[in-house]
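Colleague: Here you go, this is target-v2.tsv (TSV, C-alpha atoms).
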```
chain	number	residue	atom	x	y	z
A	1437	MET	CA	101.92	163.64	-51.53
A	1438	ASP	CA	104.65	166.19	-52.24
A	1439	PRO	CA	107.89	165.77	-54.21
A	1440	PRO	CA	110.45	164.28	-54.01
A	1441	LYS	CA	108.57	161.30	-52.55
A	1442	GLN	CA	105.73	161.69	-55.02
A	1443	ARG	CA	108.17	161.67	-57.93
A	1444	HIS	CA	109.74	158.37	-56.82
A	1445	TYR	CA	106.35	156.66	-56.77
A	1446	ARG	CA	105.43	157.95	-60.22
A	1447	GLN	CA	108.79	156.86	-61.60
A	1448	ALA	CA	108.14	153.34	-60.31
A	1449	LEU	CA	104.65	153.18	-61.84
A	1450	ASN	CA	105.09	155.11	-65.11
A	1451	PRO	CA	106.62	152.22	-67.13
A	1452	TYR	CA	103.43	150.21	-66.59
A	1453	LEU	CA	101.12	153.05	-67.64
A	1454	SER	CA	102.89	154.55	-70.66
A	1455	PRO	CA	101.04	154.57	-74.02
A	1456	ALA	CA	103.14	151.65	-75.29
A	1457	ALA	CA	102.61	149.58	-72.13
A	1458	VAL	CA	98.87	150.23	-72.14
A	1459	GLN	CA	98.61	149.26	-75.82
A	1460	ARG	CA	99.75	145.73	-74.97
A	1461	TRP	CA	96.59	145.28	-72.90
A	1462	VAL	CA	94.17	146.00	-75.78
A	1463	PRO	CA	93.61	142.32	-76.75
A	1464	ILE	CA	92.86	141.42	-73.12
A	1465	VAL	CA	90.50	144.37	-72.70
A	1466	ASP	CA	88.70	143.38	-75.92
A	1467	GLU	CA	88.23	139.81	-74.66
A	1468	VAL	CA	86.80	140.93	-71.31
A	1469	VAL	CA	84.43	143.41	-73.00
A	1470	ARG	CA	83.34	140.73	-75.48
A	1471	ALA	CA	82.65	138.23	-72.69
A	1472	ALA	CA	80.74	140.78	-70.58
A	1473	LEU	CA	78.50	141.61	-73.54
A	1474	ASP	CA	78.09	137.94	-74.44
A	1475	GLU	CA	76.63	137.32	-70.99
A	1476	ARG	CA	73.71	139.63	-71.90
A	1477	ILE	CA	73.58	139.69	-75.70
A	1478	GLU	CA	70.93	136.98	-76.13
A	1479	SER	CA	68.59	138.49	-73.53
A	1480	GLY	CA	68.13	141.92	-75.09
A	1481	THR	CA	68.63	143.56	-71.71
A	1482	ILE	CA	71.70	144.85	-69.89
A	1483	ASP	CA	72.67	147.10	-67.04
A	1484	PHE	CA	75.61	148.96	-68.50
A	1485	VAL	CA	76.99	149.64	-65.01
A	1486	ASP	CA	76.63	146.23	-63.35
A	1487	ASP	CA	77.24	144.12	-66.45
A	1488	LEU	CA	79.93	146.09	-68.29
A	1489	ALA	CA	81.36	149.33	-66.87
A	1490	ASN	CA	81.92	147.89	-63.37
A	1491	VAL	CA	83.43	144.68	-64.73
A	1492	VAL	CA	86.02	145.66	-67.32
A	1493	PRO	CA	87.97	148.41	-65.50
A	1494	ALA	CA	88.08	146.26	-62.33
A	1495	VAL	CA	89.41	143.19	-64.14
A	1496	ILE	CA	92.04	145.15	-66.03
A	1497	THR	CA	93.16	147.11	-62.96
A	1498	LEU	CA	93.61	143.90	-60.95
A	1499	GLY	CA	95.46	142.34	-63.88
A	1500	MET	CA	97.85	145.29	-64.00
A	1501	LEU	CA	98.33	145.20	-60.23
A	1502	GLY	CA	99.16	141.50	-60.33
A	1503	VAL	CA	96.12	140.44	-58.28
A	1504	PRO	CA	94.05	137.44	-59.52
A	1505	VAL	CA	91.36	138.84	-61.81
A	1506	HIS	CA	88.63	136.46	-60.58
A	1507	ARG	CA	88.44	138.55	-57.41
A	1508	TRP	CA	87.25	141.63	-59.28
A	1509	HIS	CA	83.86	141.64	-57.52
A	1510	MET	CA	85.44	141.59	-54.04
A	1511	TYR	CA	87.34	144.74	-55.00
A	1512	SER	CA	84.72	146.42	-57.17
A	1513	GLU	CA	81.76	146.54	-54.78
A	1514	PRO	CA	83.43	148.38	-51.86
A	1515	THR	CA	85.40	150.65	-54.21
A	1516	HIS	CA	82.23	151.97	-55.86
A	1517	ALA	CA	80.09	151.94	-52.71
A	1518	SER	CA	82.65	153.92	-50.73
A	1519	VAL	CA	82.27	156.72	-53.28
A	1520	TYR	CA	78.50	156.90	-53.60
A	1521	THR	CA	77.58	156.17	-49.96
A	1522	PRO	CA	77.35	159.36	-47.86
A	1523	PRO	CA	79.59	159.30	-44.78
A	1524	ASN	CA	78.10	158.81	-41.31
A	1525	THR	CA	75.20	156.70	-42.59
A	1526	PRO	CA	74.20	153.15	-41.55
A	1527	GLU	CA	75.01	151.95	-45.09
A	1528	MET	CA	78.63	153.06	-44.70
A	1529	ALA	CA	79.21	150.52	-41.92
A	1530	LYS	CA	78.66	147.65	-44.38
A	1531	VAL	CA	80.93	149.37	-46.89
A	1532	ARG	CA	83.68	149.57	-44.26
A	1533	GLU	CA	83.37	145.82	-43.67
A	1534	GLN	CA	83.75	145.16	-47.39
A	1535	GLN	CA	86.74	147.50	-47.53
A	1536	MET	CA	88.39	145.65	-44.65
A	1537	ALA	CA	87.97	142.35	-46.52
A	1538	MET	CA	89.36	143.91	-49.70
A	1539	PHE	CA	92.41	145.42	-48.00
A	1540	GLY	CA	92.98	142.19	-46.06
A	1541	ASP	CA	93.15	140.34	-49.35
A	1542	LEU	CA	95.42	143.01	-50.79
A	1543	MET	CA	97.78	142.75	-47.79
A	1544	THR	CA	98.03	139.01	-48.40
A	1545	GLU	CA	98.88	139.64	-52.05
A	1546	VAL	CA	101.56	142.19	-51.10
A	1547	ALA	CA	103.17	139.69	-48.70
A	1548	THR	CA	103.04	136.94	-51.33
A	1549	ILE	CA	104.56	139.15	-54.03
A	1550	ARG	CA	107.34	140.22	-51.65
A	1551	GLU	CA	108.30	136.57	-51.22
A	1552	ASN	CA	107.63	135.47	-54.80
A	1553	PRO	CA	107.89	138.43	-57.21
A	1554	ARG	CA	105.08	138.65	-59.75
A	1555	PRO	CA	105.17	141.36	-62.44
A	1556	GLY	CA	102.72	144.19	-61.94
A	1557	LEU	CA	102.09	147.45	-60.15
A	1558	VAL	CA	102.18	145.82	-56.70
A	1559	ASP	CA	105.63	144.41	-57.42
A	1560	ALA	CA	106.82	147.80	-58.70
A	1561	LEU	CA	105.70	149.47	-55.45
A	1562	VAL	CA	107.10	146.73	-53.22
A	1563	ARG	CA	110.53	147.05	-54.84
A	1564	ALA	CA	110.58	150.87	-55.12
A	1565	GLU	CA	113.17	152.61	-52.94
A	1566	ILE	CA	112.50	156.11	-51.65
A	1567	ASP	CA	115.44	157.79	-49.97
A	1568	GLY	CA	117.08	154.39	-49.71
A	1569	GLN	CA	114.11	152.79	-47.96
A	1570	LYS	CA	111.13	150.73	-49.05
A	1571	ALA	CA	107.57	151.73	-48.22
A	1572	ASP	CA	105.90	150.20	-45.18
A	1573	ASP	CA	102.63	148.30	-45.46
A	1574	LEU	CA	100.41	151.22	-44.45
A	1575	GLU	CA	101.83	153.52	-47.10
A	1576	LEU	CA	101.59	150.77	-49.71
A	1577	MET	CA	97.91	150.27	-48.87
A	1578	VAL	CA	97.23	154.00	-49.30
A	1579	VAL	CA	98.99	154.13	-52.68
A	1580	LEU	CA	97.32	150.92	-53.86
A	1581	GLY	CA	93.97	152.25	-52.68
A	1582	LEU	CA	94.49	155.29	-54.90
A	1583	LEU	CA	95.35	153.08	-57.89
A	1584	ILE	CA	92.28	150.90	-57.33
A	1585	GLY	CA	89.93	153.85	-56.86
A	1586	GLY	CA	91.32	155.66	-59.88
A	1587	GLY	CA	91.32	152.51	-62.00
A	1588	PHE	CA	87.82	151.35	-61.15
A	1589	ASP	CA	85.38	154.15	-60.55
A	1590	THR	CA	86.41	156.95	-62.87
A	1591	THR	CA	86.35	154.88	-66.08
A	1592	THR	CA	83.07	153.31	-64.98
A	1593	ALA	CA	81.56	156.76	-64.47
A	1594	LEU	CA	82.78	158.09	-67.81
A	1595	THR	CA	81.45	155.05	-69.67
A	1596	ALA	CA	78.03	155.07	-68.02
A	1597	HIS	CA	77.41	158.79	-68.57
A	1598	SER	CA	78.59	158.60	-72.18
A	1599	LEU	CA	76.38	155.61	-73.00
A	1600	GLU	CA	73.43	157.36	-71.38
A	1601	TRP	CA	74.04	160.52	-73.45
A	1602	LEU	CA	74.43	158.52	-76.67
A	1603	SER	CA	71.10	156.79	-75.93
A	1604	GLU	CA	69.46	160.19	-75.51
A	1605	ASN	CA	71.04	161.40	-78.76
A	1606	PRO	CA	70.66	158.47	-81.18
A	1607	SER	CA	71.61	160.47	-84.28
A	1608	GLU	CA	74.93	161.38	-82.63
A	1609	ARG	CA	75.39	157.76	-81.62
A	1610	GLU	CA	74.93	156.64	-85.23
A	1611	ARG	CA	77.32	159.36	-86.36
A	1612	LEU	CA	79.96	158.30	-83.83
A	1613	SER	CA	79.67	154.69	-84.94
A	1614	ARG	CA	79.82	155.61	-88.62
A	1615	GLU	CA	82.69	158.09	-88.31
A	1616	ARG	CA	84.60	156.46	-85.47
A	1617	ASP	CA	87.94	156.52	-87.27
A	1618	THR	CA	87.97	160.31	-87.18
A	1619	LEU	CA	85.55	161.01	-84.32
A	1620	LEU	CA	86.30	158.55	-81.50
A	1621	ASN	CA	89.34	160.38	-80.11
A	1622	SER	CA	87.72	163.82	-80.04
A	1623	ALA	CA	84.47	162.34	-78.68
A	1624	THR	CA	86.39	160.71	-75.83
A	1625	GLU	CA	87.98	164.02	-74.88
A	1626	GLU	CA	84.62	165.79	-75.06
A	1627	PHE	CA	82.95	163.25	-72.78
A	1628	LEU	CA	85.86	163.66	-70.37
A	1629	ARG	CA	85.35	167.43	-70.45
A	1630	TYR	CA	81.58	167.43	-70.23
A	1631	PHE	CA	81.10	164.75	-67.57
A	1632	THR	CA	84.39	165.21	-65.64
A	1633	PRO	CA	84.13	161.93	-63.68
A	1634	ALA	CA	86.49	163.22	-60.95
A	1635	PRO	CA	84.95	166.68	-60.49
A	1636	GLY	CA	87.55	168.21	-58.20
A	1637	ASP	CA	89.91	167.95	-55.27
A	1638	GLY	CA	90.01	169.48	-51.81
A	1639	ARG	CA	93.28	171.07	-50.75
A	1640	THR	CA	94.65	172.86	-47.67
A	1641	ILE	CA	96.29	176.27	-48.12
A	1642	SER	CA	99.93	175.90	-46.99
A	1643	GLN	CA	100.71	179.62	-46.70
A	1644	ASP	CA	98.93	182.97	-46.95
A	1645	VAL	CA	98.50	183.95	-50.58
A	1646	GLU	CA	96.44	186.20	-52.84
A	1647	LEU	CA	95.19	184.85	-56.19
A	1648	VAL	CA	93.20	186.89	-58.68
A	1649	GLY	CA	92.11	189.32	-55.98
A	1650	THR	CA	91.10	186.68	-53.44
A	1651	ARG	CA	93.01	186.19	-50.18
A	1652	PHE	CA	93.58	182.70	-48.80
A	1653	LYS	CA	94.98	182.03	-45.33
A	1654	GLU	CA	97.21	179.19	-44.24
A	1655	GLY	CA	95.13	176.24	-43.02
A	1656	GLU	CA	91.97	177.16	-44.95
A	1657	ARG	CA	90.41	174.59	-47.24
A	1658	VAL	CA	89.80	175.18	-50.94
A	1659	TRP	CA	87.90	173.17	-53.53
A	1660	LEU	CA	89.63	172.91	-56.91
A	1661	SER	CA	86.78	172.20	-59.32
A	1662	TRP	CA	87.95	170.58	-62.55
A	1663	ALA	CA	84.26	170.34	-63.53
A	1664	MET	CA	83.76	174.10	-63.28
A	1665	ALA	CA	86.96	174.78	-65.20
A	1666	ASN	CA	85.74	172.42	-67.93
A	1667	ARG	CA	82.64	174.61	-68.39
A	1668	ASP	CA	84.56	177.90	-68.64
A	1669	PRO	CA	83.09	179.75	-71.67
A	1670	ARG	CA	86.33	181.71	-72.11
A	1671	ILE	CA	88.08	178.42	-72.94
A	1672	PHE	CA	85.29	176.23	-74.34
A	1673	PRO	CA	82.77	177.83	-76.73
A	1674	GLU	CA	79.23	176.66	-75.90
A	1675	PRO	CA	80.50	174.78	-72.83
A	1676	TYR	CA	77.13	173.21	-72.01
A	1677	LYS	CA	76.91	171.54	-75.40
A	1678	VAL	CA	78.49	168.16	-76.20
A	1679	ASP	CA	80.44	168.65	-79.42
A	1680	LEU	CA	81.87	165.31	-80.51
A	1681	GLU	CA	84.41	166.95	-82.81
A	1682	ARG	CA	85.43	169.80	-80.50
A	1683	LYS	CA	88.87	171.10	-81.47
A	1684	GLY	CA	91.66	172.16	-79.11
A	1685	ASN	CA	89.92	170.50	-76.17
A	1686	ARG	CA	92.37	171.24	-73.36
A	1687	HIS	CA	90.06	169.95	-70.63
A	1688	LEU	CA	91.09	169.27	-67.03
A	1689	GLY	CA	89.30	165.95	-66.73
A	1690	PHE	CA	92.53	164.30	-65.55
A	1691	GLY	CA	93.62	167.18	-63.34
A	1692	LEU	CA	96.65	169.38	-63.90
A	1693	GLY	CA	100.36	169.55	-63.13
A	1694	ILE	CA	102.45	167.02	-61.23
A	1695	HIS	CA	99.38	165.32	-59.76
A	1696	ARG	CA	97.69	164.78	-63.12
A	1697	CYS	CA	96.08	161.31	-63.35
A	1698	ILE	CA	98.82	158.73	-63.89
A	1699	GLY	CA	96.34	156.33	-65.51
A	1700	SER	CA	94.97	158.65	-68.22
A	1701	ASN	CA	96.31	156.50	-71.07
A	1702	LEU	CA	94.68	153.40	-69.61
A	1703	ALA	CA	91.36	155.17	-68.94
A	1704	ARG	CA	91.08	156.40	-72.52
A	1705	MET	CA	91.91	153.00	-73.98
A	1706	VAL	CA	89.51	150.98	-71.82
A	1707	PHE	CA	86.71	153.50	-72.41
A	1708	LYS	CA	87.13	153.39	-76.20
A	1709	ARG	CA	87.20	149.59	-76.35
A	1710	MET	CA	83.95	149.37	-74.38
A	1711	ILE	CA	82.17	152.04	-76.42
A	1712	VAL	CA	83.16	150.55	-79.78
A	1713	GLN	CA	81.91	147.05	-78.94
A	1714	VAL	CA	78.61	148.42	-77.62
A	1715	LEU	CA	78.14	150.42	-80.83
A	1716	ASP	CA	78.87	147.32	-82.90
A	1717	ARG	CA	76.89	144.71	-81.00
A	1718	MET	CA	74.02	146.74	-79.49
A	1719	PRO	CA	73.62	149.56	-82.02
A	1720	ASP	CA	69.96	150.26	-81.18
A	1721	TYR	CA	70.25	150.14	-77.39
A	1722	HIS	CA	67.90	152.37	-75.41
A	1723	CYS	CA	68.59	153.28	-71.79
A	1724	ASP	CA	65.68	153.35	-69.34
A	1725	PRO	CA	65.63	156.82	-67.76
A	1726	GLU	CA	63.35	155.59	-64.96
A	1727	GLY	CA	65.82	152.89	-63.97
A	1728	ALA	CA	68.98	154.99	-64.18
A	1729	VAL	CA	70.48	155.80	-60.78
A	1730	HIS	CA	73.13	158.52	-60.53
A	1731	TYR	CA	75.48	158.95	-57.60
A	1732	ASP	CA	74.48	161.47	-55.01
A	1733	THR	CA	76.59	164.57	-55.52
A	1734	ILE	CA	79.02	164.28	-52.61
A	1735	GLY	CA	82.04	165.66	-54.42
A	1736	VAL	CA	84.16	162.57	-55.09
A	1737	ILE	CA	83.06	160.97	-58.37
A	1738	GLN	CA	80.22	161.86	-60.74
A	1739	GLY	CA	79.09	158.31	-61.47
A	1740	MET	CA	76.13	156.00	-61.85
A	1741	ARG	CA	74.91	153.02	-59.84
A	1742	LYS	CA	72.46	151.66	-62.43
A	1743	LEU	CA	71.94	152.14	-66.16
A	1744	PRO	CA	69.49	149.51	-67.49
A	1745	ALA	CA	68.97	149.30	-71.24
A	1746	THR	CA	67.21	147.22	-73.88
A	1747	PHE	CA	68.36	146.32	-77.39
A	1748	THR	CA	67.72	143.87	-80.21
A	1749	PRO	CA	69.14	140.51	-79.05
A	1750	GLY	CA	72.13	139.06	-80.89
A	1751	PRO	CA	74.29	135.90	-80.87
A	1752	ARG	CA	77.10	135.07	-78.48
A	1753	ILE	CA	80.48	134.97	-80.17
A	1754	GLY	CA	82.65	133.40	-77.48
A	1755	PRO	CA	82.85	131.86	-74.02
A	1756	GLY	CA	81.28	133.47	-70.97
A	1757	LEU	CA	82.92	135.72	-68.43
A	1758	GLY	CA	84.14	133.00	-66.07
A	1759	GLU	CA	85.93	131.00	-68.74
A	1760	THR	CA	87.27	134.17	-70.32
A	1761	LEU	CA	88.76	135.32	-67.01
A	1762	ASP	CA	90.53	131.95	-66.73
A	1763	ARG	CA	92.07	132.55	-70.15
A	1764	VAL	CA	92.91	136.16	-69.31
A	1765	GLN	CA	94.65	135.12	-66.10
A	1766	ARG	CA	96.76	132.58	-67.99
A	1767	ALA	CA	97.73	135.24	-70.52
A	1768	ILE	CA	98.72	137.68	-67.76
A	1769	ASP	CA	100.73	135.00	-65.93
A	1770	GLU	CA	102.55	133.90	-69.10
A	1771	GLN	CA	103.09	137.29	-70.76
```
Could you take the file, read its structure, and then write that structure out as structure tokens?
Modeller:
Amino acid sequence: MDPPKQRHYRQALNPYLSPAAVQRWVPIVDEVVRAALDERIESGTIDFVDDLANVVPAVITLGMLGVPVHRWHMYSEPTHASVYTPPNTPEMAKVREQQMAMFGDLMTEVATIRENPRPGLVDALVRAEIDGQKADDLELMVVLGLLIGGGFDTTTALTAHSLEWLSENPSERERLSRERDTLLNSATEEFLRYFTPAPGDGRTISQDVELVGTRFKEGERVWLSWAMANRDPRIFPEPYKVDLERKGNRHLGFGLGIHRCIGSNLARMVFKRMIVQVLDRMPDYHCDPEGAVHYDTIGVIQGMRKLPATFTPGPRIGPGLGETLDRVQRAIDEQ
């Protein structure tokens, strides 16, 4: 979407996604992470995708939208499957059915929030005026679909790949846990650079142009690869090495310019809260390389479908996920 329309949407959503606004969600994120880990902590086994990285970003995104958080699974499954399922396959037909159910539920929520305002991103979009008019339902669904996709799958992908790498490099995992006060921020940026969950974007050339000696014609398609840029040796020394304390890490993991990811503050926060609790409660976890399933490389998200792991069992420290989501929903409704 081009300005000025694009700018109006971002202005409506920015107050909910600023660093200060995101910080208010930390206690809720911590509770959901704690509950997700409690569900598996006594067993000594976990799938970091199914049991943690799929759960937390979905719950928090729905909470921020203003959609009941108990429905996270209805939204999570088609959002992830639509990314890793190749188009024009029999499996995609089932995904489309799940997407229709998800968007049907979302349409109901939009209608309800129009009649009875409920704070959140949906309400912000419903009330936003662009050139004196409010968005129709189709445009709202497209914008909300972007927020859901960006909120769910990218953070899941970053978390899964990072946990897998830390399992493969246990000395670095111990170092990150030990030196987290000084290392967690730079490690987060390095994982964003190295794994680049959203590897690039396709764009259409709008007019004939020459860039760095290459001619592009109007109507041609071009692939902007953030992942390739993040491995540029002129910018990143030893680009194929993960350096947890890399300095001056100006990566393009969130894109660039006016279309840079609006949820970058949220993604960083949710990722860090998940990683820290895993380091604290499952410090000796070991991922099973035979059971790990990575997305097919189809150019949308570099993610994982499965990441099973084992660890030394520990005690639960709070209620399970269902009860916790009840408490989280009450907190969202009241606060």
Colleague: Can you tell me which residues surround region 1544-1552 of chain A at a distance of at most 7 Å, considering only C-alpha atoms, apart from same-chain residues fewer than 3 positions away, and format the answer as a PDB file with C-alpha atoms, keeping the file's coordinate frame?
Modeller:
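Once written, result_26.pdb looks like this:
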```
ATOM      1  CA  VAL A1503      96.120 140.440 -58.280  1.00  0.00           C
ATOM      2  CA  GLY A1540      92.980 142.190 -46.060  1.00  0.00           C
ATOM      3  CA  ASP A1541      93.150 140.340 -49.350  1.00  0.00           C
ATOM      4  CA  VAL A1558     102.180 145.820 -56.700  1.00  0.00           C
ATOM      5  CA  ASP A1559     105.630 144.410 -57.420  1.00  0.00           C
ATOM      6  CA  VAL A1562     107.100 146.730 -53.220  1.00  0.00           C
TER       7      VAL A1562
END
```
Colleague: Calculated over all atoms listed in the file, which of the candidates A:Gly1758, A:Gly1585, A:Pro1606, A:Pro1744 has the smallest distance to Glu1513 (chain A)?
Modeller: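 Once distances to Glu1513 (chain A) are computed over all atoms listed in the file, the minimum belongs to A:Gly1585.
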Colleague: Residues of region 1575-1657 of chain A that approach region 1443-1448 of chain A to 12 Å or less, counting only C-alpha atoms: could you list each one with the shortest pair of atoms and its distance in Å to one decimal, rows by chain and increasing residue number, as JSON lines?
Modeller:
```
{"residue": "A:Glu1575", "atom": "CA", "partner": "A:Tyr1445", "partner_atom": "CA", "distance": 11.1}
{"residue": "A:Leu1576", "atom": "CA", "partner": "A:Tyr1445", "partner_atom": "CA", "distance": 10.4}
{"residue": "A:Val1579", "atom": "CA", "partner": "A:Tyr1445", "partner_atom": "CA", "distance": 8.8}
{"residue": "A:Leu1580", "atom": "CA", "partner": "A:Tyr1445", "partner_atom": "CA", "distance": 11.1}
{"residue": "A:Leu1583", "atom": "CA", "partner": "A:Arg1446", "partner_atom": "CA", "distance": 11.4}
```
Colleague: Taking into account all atoms listed in the file, which residue in the set A:Leu1561, A:Leu1688, A:Ile1566, A:Val1468 is nearest to Asn1666 (chain A)?
Modeller: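 That would be A:Leu1688, the residue with the smallest distance to Asn1666 (chain A).
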Colleague: Near Pro1451 (chain A), counting only C-alpha atoms, which residues have an atom at most 12 Å away, once you skip same-chain residues fewer than 4 positions from it, shown as a PyMOL selection string?
Modeller: chain A and resi 1445-1447+1455-1458+1500+1555-1557+1560+1698-1699+1701
Colleague: Keeping only C-alpha atoms, take the residues you just selected and write them out as a short mmCIF file (atom, residue, chain, number, x, y, z; two decimals), keeping the file's coordinate frame.
Modeller:
```
data_model
loop_
_atom_site.label_atom_id
_atom_site.label_comp_id
_atom_site.auth_asym_id
_atom_site.auth_seq_id
_atom_site.Cartn_x
_atom_site.Cartn_y
_atom_site.Cartn_z
CA TYR A 1445 106.35 156.66 -56.77
CA ARG A 1446 105.43 157.95 -60.22
CA GLN A 1447 108.79 156.86 -61.60
CA PRO A 1455 101.04 154.57 -74.02
CA ALA A 1456 103.14 151.65 -75.29
CA ALA A 1457 102.61 149.58 -72.13
CA VAL A 1458 98.87 150.23 -72.14
CA MET A 1500 97.85 145.29 -64.00
CA PRO A 1555 105.17 141.36 -62.44
CA GLY A 1556 102.72 144.19 -61.94
CA LEU A 1557 102.09 147.45 -60.15
CA ALA A 1560 106.82 147.80 -58.70
CA ILE A 1698 98.82 158.73 -63.89
CA GLY A 1699 96.34 156.33 -65.51
CA ASN A 1701 96.31 156.50 -71.07
#
```
Colleague: Could you please determine the separation between CA of Gln1442 (chain A) and CA of Leu1582 (chain A) in Å, to one decimal place?
Modeller: 12.9 Å
Colleague: Report as a list in words all protein, DNA and RNA residues lying within 9 Å of Ala1517 (chain A), evaluated on only C-alpha atoms, omitting residues in the same chain fewer than 5 positions from it.
Modeller: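 Using only C-alpha atoms, the neighbours found are Ser1512, Met1528, Val1531 and Arg1741 of chain A.
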Colleague: Export C-alpha atoms of the chosen residues as a PDB file, in the coordinates of the input?
Modeller:
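Result file again-v1.pdb:
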```
ATOM      1  CA  SER A1512      84.720 146.420 -57.170  1.00  0.00           C
ATOM      2  CA  MET A1528      78.630 153.060 -44.700  1.00  0.00           C
ATOM      3  CA  VAL A1531      80.930 149.370 -46.890  1.00  0.00           C
ATOM      4  CA  ARG A1741      74.910 153.020 -59.840  1.00  0.00           C
TER       5      ARG A1741
END
```
Colleague: Would you mind listing what lies within 10 Å of Asp1732 (chain A) as a list in words, with all atoms listed in the file counted and same-chain residues fewer than 4 positions away left out?
Modeller: Val1519, Tyr1520, Thr1521, Pro1522, Val1736, Ile1737, Gln1738, Gly1739, Met1740 and Arg1741 of chain A
Colleague: Which neighbours of Phe1484 (chain A) fall inside 8 Å, counting only C-alpha atoms, when residues of the same chain fewer than 5 positions from it are skipped, and could you give them as a list in words?
Modeller: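 So, after excluding close chain neighbours, the residues are Ala1489, Ala1596, Lys1742, Leu1743, Pro1744 and Ala1745 of chain A.
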Colleague: Using all atoms of region 1619-1634 of chain A listed in the file and a margin of 3 Å per side, can you give the axis-aligned box centre and edge lengths in Å to one decimal, as lines of an AutoDock Vina configuration file?
Modeller:
```
center_x = 85.2
center_y = 163.0
center_z = -72.6
size_x = 14.2
size_y = 14.9
size_z = 29.4
```
Colleague: Calculate how many Å separate CA of Leu1599 (chain A) from CA of Ser1454 (chain A), rounding to one decimal.
Modeller: 26.6 Å
Colleague: Can you tell me how far CA of Ala1472 (chain A) sits from CA of Arg1616 (chain A), in Å to one decimal?
Modeller: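 Here the two named atoms are 22.0 Å from each other.
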Colleague: With distances taken over only C-alpha atoms, which of A:His1597, A:Arg1766, A:Lys1441, A:Arg1709 is nearest to Lys1570 (chain A)?
Modeller: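 For Lys1570 (chain A), the nearest of the given residues is A:Lys1441.
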Colleague: So, counting all atoms listed in the file, which residue among A:Ala1564, A:Val1678, A:Ala1571, A:Met1543 is closest to Asn1605 (chain A)?
Modeller: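 Closest to Asn1605 (chain A), using all atoms listed in the file: A:Val1678.
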Colleague: For each of A:Ser1661, A:Val1492, A:Phe1672, A:Val1714, take the minimum atom-to-atom distance to Val1462 (chain A), counting only C-alpha atoms, then give the residue where this is smallest.
Modeller: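 The closest residue to Val1462 (chain A) is A:Val1492.
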Colleague: Rank A:His1722, A:Arg1460, A:Arg1629, A:Arg1507 by their smallest atom-to-atom distance to Arg1686 (chain A), using all atoms listed in the file, and report the top residue only.
Modeller: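 The answer is A:Arg1629, which sits nearest to Arg1686 (chain A).
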